[in-house]
file final.cif (mmCIF, N, CA and C atoms)
data_work
loop_
_atom_site.group_PDB
_atom_site.id
_atom_site.type_symbol
_atom_site.label_atom_id
_atom_site.label_comp_id
_atom_site.auth_asym_id
_atom_site.auth_seq_id
_atom_site.Cartn_x
_atom_site.Cartn_y
_atom_site.Cartn_z
ATOM 1 N N MET C 1 84.746 79.335 181.260
ATOM 2 C CA MET C 1 86.023 79.566 180.650
ATOM 3 C C MET C 1 86.351 78.462 179.638
ATOM 4 N N ARG C 2 85.882 77.264 179.875
ATOM 5 C CA ARG C 2 86.179 76.148 178.980
ATOM 6 C C ARG C 2 85.594 76.367 177.586
ATOM 7 N N HIS C 3 84.455 77.028 177.496
ATOM 8 C CA HIS C 3 83.804 77.229 176.206
ATOM 9 C C HIS C 3 84.659 78.082 175.268
ATOM 10 N N CYS C 4 85.578 78.857 175.792
ATOM 11 C CA CYS C 4 86.480 79.656 174.959
ATOM 12 C C CYS C 4 87.355 78.761 174.081
ATOM 13 N N PHE C 5 87.637 77.560 174.540
ATOM 14 C CA PHE C 5 88.446 76.623 173.773
ATOM 15 C C PHE C 5 87.600 75.708 172.904
ATOM 16 N N ILE C 6 86.410 75.416 173.343
ATOM 17 C CA ILE C 6 85.547 74.479 172.628
ATOM 18 C C ILE C 6 85.040 75.069 171.314
ATOM 19 N N VAL C 7 84.595 76.303 171.310
ATOM 20 C CA VAL C 7 84.036 76.918 170.102
ATOM 21 C C VAL C 7 85.058 76.977 168.967
ATOM 22 N N PRO C 8 86.268 77.509 169.185
ATOM 23 C CA PRO C 8 87.233 77.514 168.071
ATOM 24 C C PRO C 8 87.596 76.110 167.599
ATOM 25 N N LEU C 9 87.681 75.161 168.522
ATOM 26 C CA LEU C 9 87.989 73.783 168.155
ATOM 27 C C LEU C 9 86.878 73.192 167.293
ATOM 28 N N LEU C 10 85.643 73.465 167.668
ATOM 29 C CA LEU C 10 84.500 72.990 166.898
ATOM 30 C C LEU C 10 84.497 73.593 165.498
ATOM 31 N N LEU C 11 84.714 74.881 165.384
ATOM 32 C CA LEU C 11 84.753 75.535 164.075
ATOM 33 C C LEU C 11 85.894 74.992 163.220
ATOM 34 N N TRP C 12 87.047 74.759 163.813
ATOM 35 C CA TRP C 12 88.182 74.209 163.065
ATOM 36 C C TRP C 12 87.873 72.803 162.564
ATOM 37 N N SER C 13 87.245 71.990 163.392
ATOM 38 C CA SER C 13 86.950 70.615 162.995
ATOM 39 C C SER C 13 85.903 70.573 161.894
ATOM 40 N N LEU C 14 84.924 71.463 161.902
ATOM 41 C CA LEU C 14 83.925 71.511 160.833
ATOM 42 C C LEU C 14 84.583 71.858 159.501
ATOM 43 N N GLY C 15 85.522 72.772 159.517
ATOM 44 C CA GLY C 15 86.240 73.132 158.298
ATOM 45 C C GLY C 15 87.065 71.975 157.768
ATOM 46 N N ALA C 16 87.605 71.168 158.651
ATOM 47 C CA ALA C 16 88.418 70.036 158.226
ATOM 48 C C ALA C 16 87.581 68.970 157.535
ATOM 49 N N PHE C 17 86.340 68.793 157.970
ATOM 50 C CA PHE C 17 85.483 67.776 157.368
ATOM 51 C C PHE C 17 84.925 68.198 156.015
ATOM 52 N N ALA C 18 84.811 69.485 155.772
ATOM 53 C CA ALA C 18 84.216 69.980 154.529
ATOM 54 C C ALA C 18 85.304 70.406 153.546
ATOM 55 N N ALA C 19 86.370 69.657 153.485
ATOM 56 C CA ALA C 19 87.533 70.061 152.716
ATOM 57 C C ALA C 19 87.277 70.075 151.215
ATOM 58 N N GLY C 20 86.795 69.012 150.655
ATOM 59 C CA GLY C 20 86.541 68.974 149.221
ATOM 60 C C GLY C 20 87.735 68.539 148.399
ATOM 61 N N THR C 21 87.691 68.889 147.118
ATOM 62 C CA THR C 21 88.697 68.461 146.156
ATOM 63 C C THR C 21 89.038 69.600 145.214
ATOM 64 N N GLU C 22 90.299 69.655 144.802
ATOM 65 C CA GLU C 22 90.710 70.619 143.778
ATOM 66 C C GLU C 22 91.049 69.853 142.507
ATOM 67 N N TYR C 23 90.464 70.282 141.406
ATOM 68 C CA TYR C 23 90.768 69.734 140.088
ATOM 69 C C TYR C 23 91.549 70.795 139.320
ATOM 70 N N VAL C 24 92.608 70.358 138.647
ATOM 71 C CA VAL C 24 93.372 71.255 137.785
ATOM 72 C C VAL C 24 93.325 70.664 136.388
ATOM 73 N N MET C 25 92.757 71.444 135.474
ATOM 74 C CA MET C 25 92.596 70.981 134.092
ATOM 75 C C MET C 25 93.477 71.792 133.160
ATOM 76 N N ARG C 26 94.166 71.096 132.279
ATOM 77 C CA ARG C 26 94.984 71.742 131.249
ATOM 78 C C ARG C 26 94.109 71.870 130.014
ATOM 79 N N VAL C 27 94.018 73.113 129.499
ATOM 80 C CA VAL C 27 93.117 73.417 128.397
ATOM 81 C C VAL C 27 93.839 74.277 127.371
ATOM 82 N N ASP C 28 93.704 73.922 126.096
ATOM 83 C CA ASP C 28 94.266 74.737 125.017
ATOM 84 C C ASP C 28 93.219 75.699 124.494
ATOM 85 N N GLY C 29 93.658 76.897 124.115
ATOM 86 C CA GLY C 29 92.774 77.864 123.484
ATOM 87 C C GLY C 29 92.311 78.992 124.389
ATOM 88 N N LEU C 30 92.713 78.974 125.651
ATOM 89 C CA LEU C 30 92.341 80.060 126.561
ATOM 90 C C LEU C 30 93.243 81.257 126.279
ATOM 91 N N ALA C 31 92.668 82.336 125.745
ATOM 92 C CA ALA C 31 93.509 83.442 125.305
ATOM 93 C C ALA C 31 93.162 84.791 125.917
ATOM 94 N N CYS C 32 91.957 84.953 126.447
ATOM 95 C CA CYS C 32 91.561 86.285 126.914
ATOM 96 C C CYS C 32 90.616 86.177 128.102
ATOM 97 N N PRO C 33 90.367 87.285 128.782
ATOM 98 C CA PRO C 33 89.437 87.270 129.917
ATOM 99 C C PRO C 33 88.026 86.812 129.528
ATOM 100 N N PHE C 34 87.617 87.079 128.295
ATOM 101 C CA PHE C 34 86.298 86.617 127.854
ATOM 102 C C PHE C 34 86.260 85.090 127.820
ATOM 103 N N CYS C 35 87.381 84.458 127.412
ATOM 104 C CA CYS C 35 87.481 82.990 127.432
ATOM 105 C C CYS C 35 87.300 82.485 128.862
ATOM 106 N N ALA C 36 87.994 83.120 129.800
ATOM 107 C CA ALA C 36 87.920 82.710 131.202
ATOM 108 C C ALA C 36 86.490 82.859 131.722
ATOM 109 N N TYR C 37 85.843 83.950 131.379
ATOM 110 C CA TYR C 37 84.468 84.179 131.824
ATOM 111 C C TYR C 37 83.533 83.091 131.285
ATOM 112 N N GLY C 38 83.699 82.726 130.032
ATOM 113 C CA GLY C 38 82.857 81.694 129.439
ATOM 114 C C GLY C 38 83.003 80.349 130.137
ATOM 115 N N ILE C 39 84.246 80.002 130.449
ATOM 116 C CA ILE C 39 84.506 78.740 131.159
ATOM 117 C C ILE C 39 83.931 78.800 132.573
ATOM 118 N N GLU C 40 84.168 79.901 133.274
ATOM 119 C CA GLU C 40 83.643 80.047 134.632
ATOM 120 C C GLU C 40 82.127 79.922 134.641
ATOM 121 N N LYS C 41 81.480 80.548 133.681
ATOM 122 C CA LYS C 41 80.022 80.514 133.603
ATOM 123 C C LYS C 41 79.512 79.073 133.452
ATOM 124 N N ARG C 42 80.166 78.286 132.614
ATOM 125 C CA ARG C 42 79.758 76.888 132.419
ATOM 126 C C ARG C 42 80.024 76.047 133.664
ATOM 127 N N LEU C 43 81.184 76.244 134.290
ATOM 128 C CA LEU C 43 81.524 75.455 135.473
ATOM 129 C C LEU C 43 80.620 75.789 136.655
ATOM 130 N N LYS C 44 80.180 77.029 136.758
ATOM 131 C CA LYS C 44 79.308 77.430 137.869
ATOM 132 C C LYS C 44 77.939 76.768 137.806
ATOM 133 N N THR C 45 77.572 76.207 136.661
ATOM 134 C CA THR C 45 76.286 75.515 136.557
ATOM 135 C C THR C 45 76.326 74.142 137.235
ATOM 136 N N ILE C 46 77.533 73.667 137.566
ATOM 137 C CA ILE C 46 77.691 72.374 138.228
ATOM 138 C C ILE C 46 77.503 72.570 139.730
ATOM 139 N N GLU C 47 76.528 71.888 140.281
ATOM 140 C CA GLU C 47 76.262 72.014 141.710
ATOM 141 C C GLU C 47 77.455 71.514 142.519
ATOM 142 N N GLY C 48 77.869 72.300 143.510
ATOM 143 C CA GLY C 48 78.981 71.920 144.374
ATOM 144 C C GLY C 48 80.291 72.576 144.016
ATOM 145 N N VAL C 49 80.341 73.282 142.881
ATOM 146 C CA VAL C 49 81.555 74.024 142.523
ATOM 147 C C VAL C 49 81.622 75.244 143.431
ATOM 148 N N GLU C 50 82.750 75.393 144.126
ATOM 149 C CA GLU C 50 82.887 76.470 145.103
ATOM 150 C C GLU C 50 83.835 77.574 144.669
ATOM 151 N N LYS C 51 84.867 77.237 143.914
ATOM 152 C CA LYS C 51 85.859 78.240 143.517
ATOM 153 C C LYS C 51 86.425 77.859 142.154
ATOM 154 N N ILE C 52 86.612 78.873 141.303
ATOM 155 C CA ILE C 52 87.168 78.658 139.968
ATOM 156 C C ILE C 52 88.264 79.691 139.746
ATOM 157 N N ASP C 53 89.407 79.239 139.249
ATOM 158 C CA ASP C 53 90.506 80.140 138.923
ATOM 159 C C ASP C 53 91.047 79.739 137.553
ATOM 160 N N VAL C 54 91.075 80.675 136.624
ATOM 161 C CA VAL C 54 91.577 80.406 135.277
ATOM 162 C C VAL C 54 92.894 81.140 135.100
ATOM 163 N N ASP C 55 93.952 80.403 134.784
ATOM 164 C CA ASP C 55 95.270 80.976 134.504
ATOM 165 C C ASP C 55 95.469 80.952 132.994
ATOM 166 N N LEU C 56 95.228 82.092 132.346
ATOM 167 C CA LEU C 56 95.312 82.179 130.888
ATOM 168 C C LEU C 56 96.721 81.898 130.376
ATOM 169 N N ASP C 57 97.732 82.392 131.084
ATOM 170 C CA ASP C 57 99.123 82.215 130.640
ATOM 171 C C ASP C 57 99.547 80.754 130.614
ATOM 172 N N LYS C 58 99.106 79.987 131.591
ATOM 173 C CA LYS C 58 99.505 78.583 131.687
ATOM 174 C C LYS C 58 98.480 77.628 131.076
ATOM 175 N N GLY C 59 97.302 78.135 130.736
ATOM 176 C CA GLY C 59 96.254 77.269 130.187
ATOM 177 C C GLY C 59 95.698 76.306 131.213
ATOM 178 N N LEU C 60 95.564 76.783 132.453
ATOM 179 C CA LEU C 60 95.076 75.936 133.539
ATOM 180 C C LEU C 60 93.767 76.470 134.096
ATOM 181 N N VAL C 61 92.878 75.555 134.428
ATOM 182 C CA VAL C 61 91.623 75.897 135.084
ATOM 183 C C VAL C 61 91.587 75.111 136.385
ATOM 184 N N ARG C 62 91.560 75.825 137.505
ATOM 185 C CA ARG C 62 91.495 75.202 138.830
ATOM 186 C C ARG C 62 90.074 75.325 139.347
ATOM 187 N N VAL C 63 89.538 74.199 139.804
ATOM 188 C CA VAL C 63 88.163 74.173 140.303
ATOM 189 C C VAL C 63 88.142 73.460 141.648
ATOM 190 N N ASN C 64 87.649 74.149 142.662
ATOM 191 C CA ASN C 64 87.458 73.536 143.974
ATOM 192 C C ASN C 64 85.994 73.163 144.111
ATOM 193 N N VAL C 65 85.752 71.921 144.528
ATOM 194 C CA VAL C 65 84.383 71.431 144.701
ATOM 195 C C VAL C 65 84.192 70.909 146.118
ATOM 196 N N ARG C 66 82.922 70.829 146.506
ATOM 197 C CA ARG C 66 82.588 70.248 147.804
ATOM 198 C C ARG C 66 83.061 68.805 147.867
ATOM 199 N N GLU C 67 83.133 68.312 149.072
ATOM 200 C CA GLU C 67 83.603 66.955 149.328
ATOM 201 C C GLU C 67 82.795 65.888 148.587
ATOM 202 N N ASP C 68 81.505 66.087 148.431
ATOM 203 C CA ASP C 68 80.638 65.078 147.829
ATOM 204 C C ASP C 68 80.493 65.214 146.307
ATOM 205 N N VAL C 69 81.303 66.046 145.681
ATOM 206 C CA VAL C 69 81.194 66.299 144.241
ATOM 207 C C VAL C 69 82.423 65.762 143.519
ATOM 208 N N GLU C 70 82.186 65.120 142.380
ATOM 209 C CA GLU C 70 83.290 64.628 141.562
ATOM 210 C C GLU C 70 83.096 65.109 140.126
ATOM 211 N N LEU C 71 84.149 65.656 139.556
ATOM 212 C CA LEU C 71 84.110 66.089 138.161
ATOM 213 C C LEU C 71 84.644 64.949 137.303
ATOM 214 N N ALA C 72 83.778 64.358 136.514
ATOM 215 C CA ALA C 72 84.164 63.233 135.667
ATOM 216 C C ALA C 72 84.855 63.750 134.403
ATOM 217 N N GLU C 73 85.904 63.050 133.997
ATOM 218 C CA GLU C 73 86.680 63.459 132.833
ATOM 219 C C GLU C 73 85.843 63.561 131.555
ATOM 220 N N PRO C 74 84.956 62.600 131.258
ATOM 221 C CA PRO C 74 84.134 62.744 130.044
ATOM 222 C C PRO C 74 83.258 63.998 130.060
ATOM 223 N N ARG C 75 82.749 64.335 131.234
ATOM 224 C CA ARG C 75 81.924 65.549 131.348
ATOM 225 C C ARG C 75 82.747 66.800 131.092
ATOM 226 N N MET C 76 83.982 66.849 131.626
ATOM 227 C CA MET C 76 84.844 68.010 131.418
ATOM 228 C C MET C 76 85.270 68.110 129.950
ATOM 229 N N LEU C 77 85.564 66.972 129.347
ATOM 230 C CA LEU C 77 85.918 66.945 127.928
ATOM 231 C C LEU C 77 84.807 67.578 127.093
ATOM 232 N N GLN C 78 83.569 67.191 127.365
ATOM 233 C CA GLN C 78 82.420 67.733 126.624
ATOM 234 C C GLN C 78 82.187 69.206 126.938
ATOM 235 N N LEU C 79 82.315 69.580 128.207
ATOM 236 C CA LEU C 79 82.105 70.966 128.608
ATOM 237 C C LEU C 79 83.058 71.898 127.863
ATOM 238 N N PHE C 80 84.341 71.539 127.832
ATOM 239 C CA PHE C 80 85.327 72.394 127.164
ATOM 240 C C PHE C 80 85.156 72.362 125.645
ATOM 241 N N LYS C 81 84.812 71.213 125.108
ATOM 242 C CA LYS C 81 84.572 71.103 123.665
ATOM 243 C C LYS C 81 83.402 72.000 123.258
ATOM 244 N N ASP C 82 82.315 71.940 124.021
ATOM 245 C CA ASP C 82 81.141 72.772 123.740
ATOM 246 C C ASP C 82 81.465 74.263 123.831
ATOM 247 N N ALA C 83 82.437 74.612 124.675
ATOM 248 C CA ALA C 83 82.840 76.012 124.844
ATOM 249 C C ALA C 83 83.861 76.449 123.788
ATOM 250 N N GLY C 84 84.335 75.499 122.985
ATOM 251 C CA GLY C 84 85.276 75.838 121.930
ATOM 252 C C GLY C 84 86.742 75.712 122.303
ATOM 253 N N PHE C 85 87.030 74.951 123.349
ATOM 254 C CA PHE C 85 88.405 74.772 123.810
ATOM 255 C C PHE C 85 88.788 73.296 123.751
ATOM 256 N N THR C 86 90.078 73.037 123.813
ATOM 257 C CA THR C 86 90.578 71.665 123.759
ATOM 258 C C THR C 86 91.029 71.230 125.151
ATOM 259 N N TYR C 87 90.302 70.302 125.725
ATOM 260 C CA TYR C 87 90.636 69.727 127.027
ATOM 261 C C TYR C 87 91.805 68.770 126.838
ATOM 262 N N ARG C 88 92.842 68.888 127.671
ATOM 263 C CA ARG C 88 94.027 68.025 127.570
ATOM 264 C C ARG C 88 94.149 67.009 128.699
ATOM 265 N N SER C 89 93.993 67.464 129.931
ATOM 266 C CA SER C 89 94.173 66.552 131.064
ATOM 267 C C SER C 89 93.585 67.158 132.329
ATOM 268 N N MET C 90 93.499 66.303 133.375
ATOM 269 C CA MET C 90 92.969 66.759 134.654
ATOM 270 C C MET C 90 93.665 66.009 135.778
ATOM 271 N N THR C 91 94.030 66.746 136.822
ATOM 272 C CA THR C 91 94.542 66.132 138.042
ATOM 273 C C THR C 91 93.577 66.448 139.164
ATOM 274 N N LYS C 92 93.562 65.581 140.151
ATOM 275 C CA LYS C 92 92.632 65.682 141.268
ATOM 276 C C LYS C 92 93.431 65.619 142.574
ATOM 277 N N THR C 93 93.203 66.608 143.472
ATOM 278 C CA THR C 93 93.923 66.647 144.724
ATOM 279 C C THR C 93 92.953 66.960 145.873
ATOM 280 N N PRO C 94 92.940 66.128 146.912
ATOM 281 C CA PRO C 94 92.095 66.454 148.079
ATOM 282 C C PRO C 94 92.595 67.734 148.731
ATOM 283 N N LEU C 95 91.664 68.535 149.225
ATOM 284 C CA LEU C 95 92.032 69.779 149.932
ATOM 285 C C LEU C 95 92.156 69.534 151.411
#
call {"tool": "encode", "arguments": {"input": "final.cif", "output": "structure tokens"}}
result
Amino acid sequence: MRHCFIVPLLLWSLGAFAAGTEYVMRVDGLACPFCAYGIEKRLKTIEGVEKIDVDLDKGLVRVNVREDVELAEPRMLQLFKDAGFTYRSMTKTPL
């Protein structure tokens, strides 16, 4: 009967350790779903990127990465520049 409590506790604790980080980047020039697709495609090439959400109306790109991954600002600046967009800023929040 004790194992009924141990398994869910173990699964919950594993999820807590693999939390990761959310980056929110402000980007100018995002105007259509094709823009969002292009950005998503480039970000997915970065190992450890787990989730990407592009808000075209607000010009925000949210990226969730694994705990051991860090998105450096110079790299993001270049990534967006190469894609034809203007990178403005980035915030970082632990999940």
call {"tool": "resolve_selection", "arguments": {"input": "final.cif", "expression": "the PyMOL selection byres ((chain C and resi 68) around 8)", "output": "list in words"}}
result
Ala18, Ala19, Gly20, Thr21, Glu47, Gly48, Val65, Arg66, Glu67, Val69, Glu70 and Leu71 of chain C
call {"tool": "residues_around", "arguments": {"input": "final.cif", "residues": "C:Phe85", "least_positions_apart": "6", "cutoff": "8 Å", "atoms": "all atoms listed in the file", "output": "number ranges by chain"}}
result
C: 27-30, 77, 79
call {"tool": "residues_around", "arguments": {"input": "final.cif", "residues": "C:Pro33", "least_positions_apart": "5", "cutoff": "8 Å", "atoms": "all atoms listed in the file", "output": "PyMOL selection string"}}
result
chain C and resi 38-39+56
call {"tool": "closest_residue", "arguments": {"input": "final.cif", "among": "C:Lys51, C:Lys92, C:Lys44, C:Lys58", "to": "C:Ala31", "atoms": "only C-alpha atoms"}}
result
C:Lys58
call {"tool": "closest_residue", "arguments": {"input": "final.cif", "among": "C:Lys81, C:Leu43, C:Val61, C:Glu73", "to": "C:Met25", "atoms": "all atoms listed in the file"}}
result
C:Val61
call {"tool": "closest_residue", "arguments": {"input": "final.cif", "among": "C:Gln78, C:Thr91, C:Thr45, C:Thr86", "to": "C:Glu22", "atoms": "only C-alpha atoms"}}
result
C:Thr91
call {"tool": "atom_distance", "arguments": {"input": "final.cif", "atom1": "atom CA of C:Val63", "atom2": "atom CA of C:Glu50"}}
result
7.5 Å
call {"tool": "closest_residue", "arguments": {"input": "final.cif", "among": "C:Ala72, C:Cys32, C:Phe80, C:Tyr87", "to": "C:Asp57", "atoms": "all atoms listed in the file"}}
result
C:Cys32
call {"tool": "select_by_dssp", "arguments": {"input": "final.cif", "residues": "chain C", "states": "alpha helix (DSSP H)", "output": "ChimeraX atom specification"}}
result
/C:3-17,33-43,73-83
call {"tool": "axis_aligned_box", "arguments": {"input": "final.cif", "around": "stretch 73-84 of chain C", "padding_each_side": "3 Å", "output": "lines of an AutoDock Vina configuration file"}}
result
center_x = 83.9
center_y = 69.5
center_z = 128.0
size_x = 11.6
size_y = 19.8
size_z = 18.1
call {"tool": "select_by_dssp", "arguments": {"input": "final.cif", "residues": "chain C", "states": "strand (DSSP E)", "output": "PyMOL selection string"}}
result
chain C and resi 21-28+49-55+60-65+86-94
call {"tool": "atom_distance", "arguments": {"input": "final.cif", "atom1": "atom CA of C:Ser89", "atom2": "atom CA of C:Phe34"}}
result
21.8 Å
call {"tool": "atom_distance", "arguments": {"input": "final.cif", "atom1": "atom C of C:Arg62", "atom2": "atom N of C:Tyr23"}}
result
5.5 Å
call {"tool": "closest_residue", "arguments": {"input": "final.cif", "among": "C:Gly59, C:Pro94, C:Arg26, C:Ile46", "to": "C:Arg75", "atoms": "only C-alpha atoms"}}
result
C:Ile46
call {"tool": "decode", "arguments": {"input": "final.cif", "residues": "stretch 61-90 of chain C", "atoms": "N, CA and C atoms", "output": "mmCIF file, in the first residue's frame"}}
result
data_model
loop_
_atom_site.group_PDB
_atom_site.id
_atom_site.type_symbol
_atom_site.label_atom_id
_atom_site.label_comp_id
_atom_site.auth_asym_id
_atom_site.auth_seq_id
_atom_site.Cartn_x
_atom_site.Cartn_y
_atom_site.Cartn_z
ATOM 1 N N VAL C 61 8.546 36.432 -28.270
ATOM 2 C CA VAL C 61 8.893 35.041 -28.532
ATOM 3 C C VAL C 61 9.257 34.426 -27.190
ATOM 4 N N ARG C 62 8.488 33.428 -26.771
ATOM 5 C CA ARG C 62 8.739 32.722 -25.511
ATOM 6 C C ARG C 62 9.383 31.387 -25.830
ATOM 7 N N VAL C 63 10.482 31.108 -25.139
ATOM 8 C CA VAL C 63 11.218 29.866 -25.372
ATOM 9 C C VAL C 63 11.508 29.207 -24.031
ATOM 10 N N ASN C 64 11.058 27.974 -23.880
ATOM 11 C CA ASN C 64 11.377 27.189 -22.691
ATOM 12 C C ASN C 64 12.511 26.243 -23.041
ATOM 13 N N VAL C 65 13.533 26.227 -22.187
ATOM 14 C CA VAL C 65 14.693 25.362 -22.408
ATOM 15 C C VAL C 65 14.921 24.476 -21.190
ATOM 16 N N ARG C 66 15.659 23.396 -21.429
ATOM 17 C CA ARG C 66 16.042 22.513 -20.329
ATOM 18 C C ARG C 66 16.868 23.279 -19.309
ATOM 19 N N GLU C 67 16.959 22.701 -18.144
ATOM 20 C CA GLU C 67 17.682 23.308 -17.031
ATOM 21 C C GLU C 67 19.143 23.616 -17.358
ATOM 22 N N ASP C 68 19.789 22.787 -18.147
ATOM 23 C CA ASP C 68 21.213 22.945 -18.430
ATOM 24 C C ASP C 68 21.507 23.805 -19.667
ATOM 25 N N VAL C 69 20.507 24.478 -20.204
ATOM 26 C CA VAL C 69 20.673 25.268 -21.427
ATOM 27 C C VAL C 69 20.506 26.751 -21.121
ATOM 28 N N GLU C 70 21.380 27.561 -21.709
ATOM 29 C CA GLU C 70 21.273 29.008 -21.551
ATOM 30 C C GLU C 70 21.311 29.661 -22.931
ATOM 31 N N LEU C 71 20.376 30.557 -23.168
ATOM 32 C CA LEU C 71 20.351 31.304 -24.423
ATOM 33 C C LEU C 71 21.095 32.615 -24.204
ATOM 34 N N ALA C 72 22.231 32.755 -24.843
ATOM 35 C CA ALA C 72 23.049 33.954 -24.688
ATOM 36 C C ALA C 72 22.497 35.075 -25.571
ATOM 37 N N GLU C 73 22.500 36.284 -25.029
ATOM 38 C CA GLU C 73 21.959 37.433 -25.746
ATOM 39 C C GLU C 73 22.641 37.680 -27.094
ATOM 40 N N PRO C 74 23.977 37.607 -27.191
ATOM 41 C CA PRO C 74 24.605 37.807 -28.509
ATOM 42 C C PRO C 74 24.149 36.783 -29.550
ATOM 43 N N ARG C 75 23.949 35.554 -29.104
ATOM 44 C CA ARG C 75 23.474 34.512 -30.031
ATOM 45 C C ARG C 75 22.065 34.809 -30.516
ATOM 46 N N MET C 76 21.181 35.268 -29.610
ATOM 47 C CA MET C 76 19.809 35.588 -29.995
ATOM 48 C C MET C 76 19.780 36.808 -30.922
ATOM 49 N N LEU C 77 20.613 37.790 -30.624
ATOM 50 C CA LEU C 77 20.715 38.972 -31.479
ATOM 51 C C LEU C 77 21.057 38.562 -32.910
ATOM 52 N N GLN C 78 22.038 37.684 -33.056
ATOM 53 C CA GLN C 78 22.455 37.217 -34.387
ATOM 54 C C GLN C 78 21.385 36.354 -35.045
ATOM 55 N N LEU C 79 20.757 35.476 -34.269
ATOM 56 C CA LEU C 79 19.723 34.600 -34.807
ATOM 57 C C LEU C 79 18.585 35.414 -35.419
ATOM 58 N N PHE C 80 18.106 36.417 -34.683
ATOM 59 C CA PHE C 80 16.993 37.229 -35.184
ATOM 60 C C PHE C 80 17.432 38.126 -36.342
ATOM 61 N N LYS C 81 18.639 38.639 -36.272
ATOM 62 C CA LYS C 81 19.165 39.467 -37.364
ATOM 63 C C LYS C 81 19.249 38.646 -38.651
ATOM 64 N N ASP C 82 19.786 37.434 -38.548
ATOM 65 C CA ASP C 82 19.896 36.550 -39.712
ATOM 66 C C ASP C 82 18.526 36.200 -40.294
ATOM 67 N N ALA C 83 17.503 36.177 -39.439
ATOM 68 C CA ALA C 83 16.141 35.861 -39.881
ATOM 69 C C ALA C 83 15.411 37.093 -40.425
ATOM 70 N N GLY C 84 16.031 38.264 -40.293
ATOM 71 C CA GLY C 84 15.425 39.475 -40.820
ATOM 72 C C GLY C 84 14.574 40.255 -39.835
ATOM 73 N N PHE C 85 14.778 40.017 -38.547
ATOM 74 C CA PHE C 85 14.004 40.697 -37.511
ATOM 75 C C PHE C 85 14.934 41.494 -36.602
ATOM 76 N N THR C 86 14.354 42.406 -35.849
ATOM 77 C CA THR C 86 15.133 43.244 -34.938
ATOM 78 C C THR C 86 14.916 42.776 -33.502
ATOM 79 N N TYR C 87 15.951 42.225 -32.916
ATOM 80 C CA TYR C 87 15.931 41.787 -31.521
ATOM 81 C C TYR C 87 16.017 43.020 -30.634
ATOM 82 N N ARG C 88 15.137 43.127 -29.635
ATOM 83 C CA ARG C 88 15.123 44.282 -28.727
ATOM 84 C C ARG C 88 15.607 43.964 -27.317
ATOM 85 N N SER C 89 15.092 42.893 -26.737
ATOM 86 C CA SER C 89 15.460 42.576 -25.353
ATOM 87 C C SER C 89 15.079 41.142 -25.021
ATOM 88 N N MET C 90 15.579 40.685 -23.849
ATOM 89 C CA MET C 90 15.277 39.332 -23.400
ATOM 90 C C MET C 90 15.214 39.312 -21.880
#
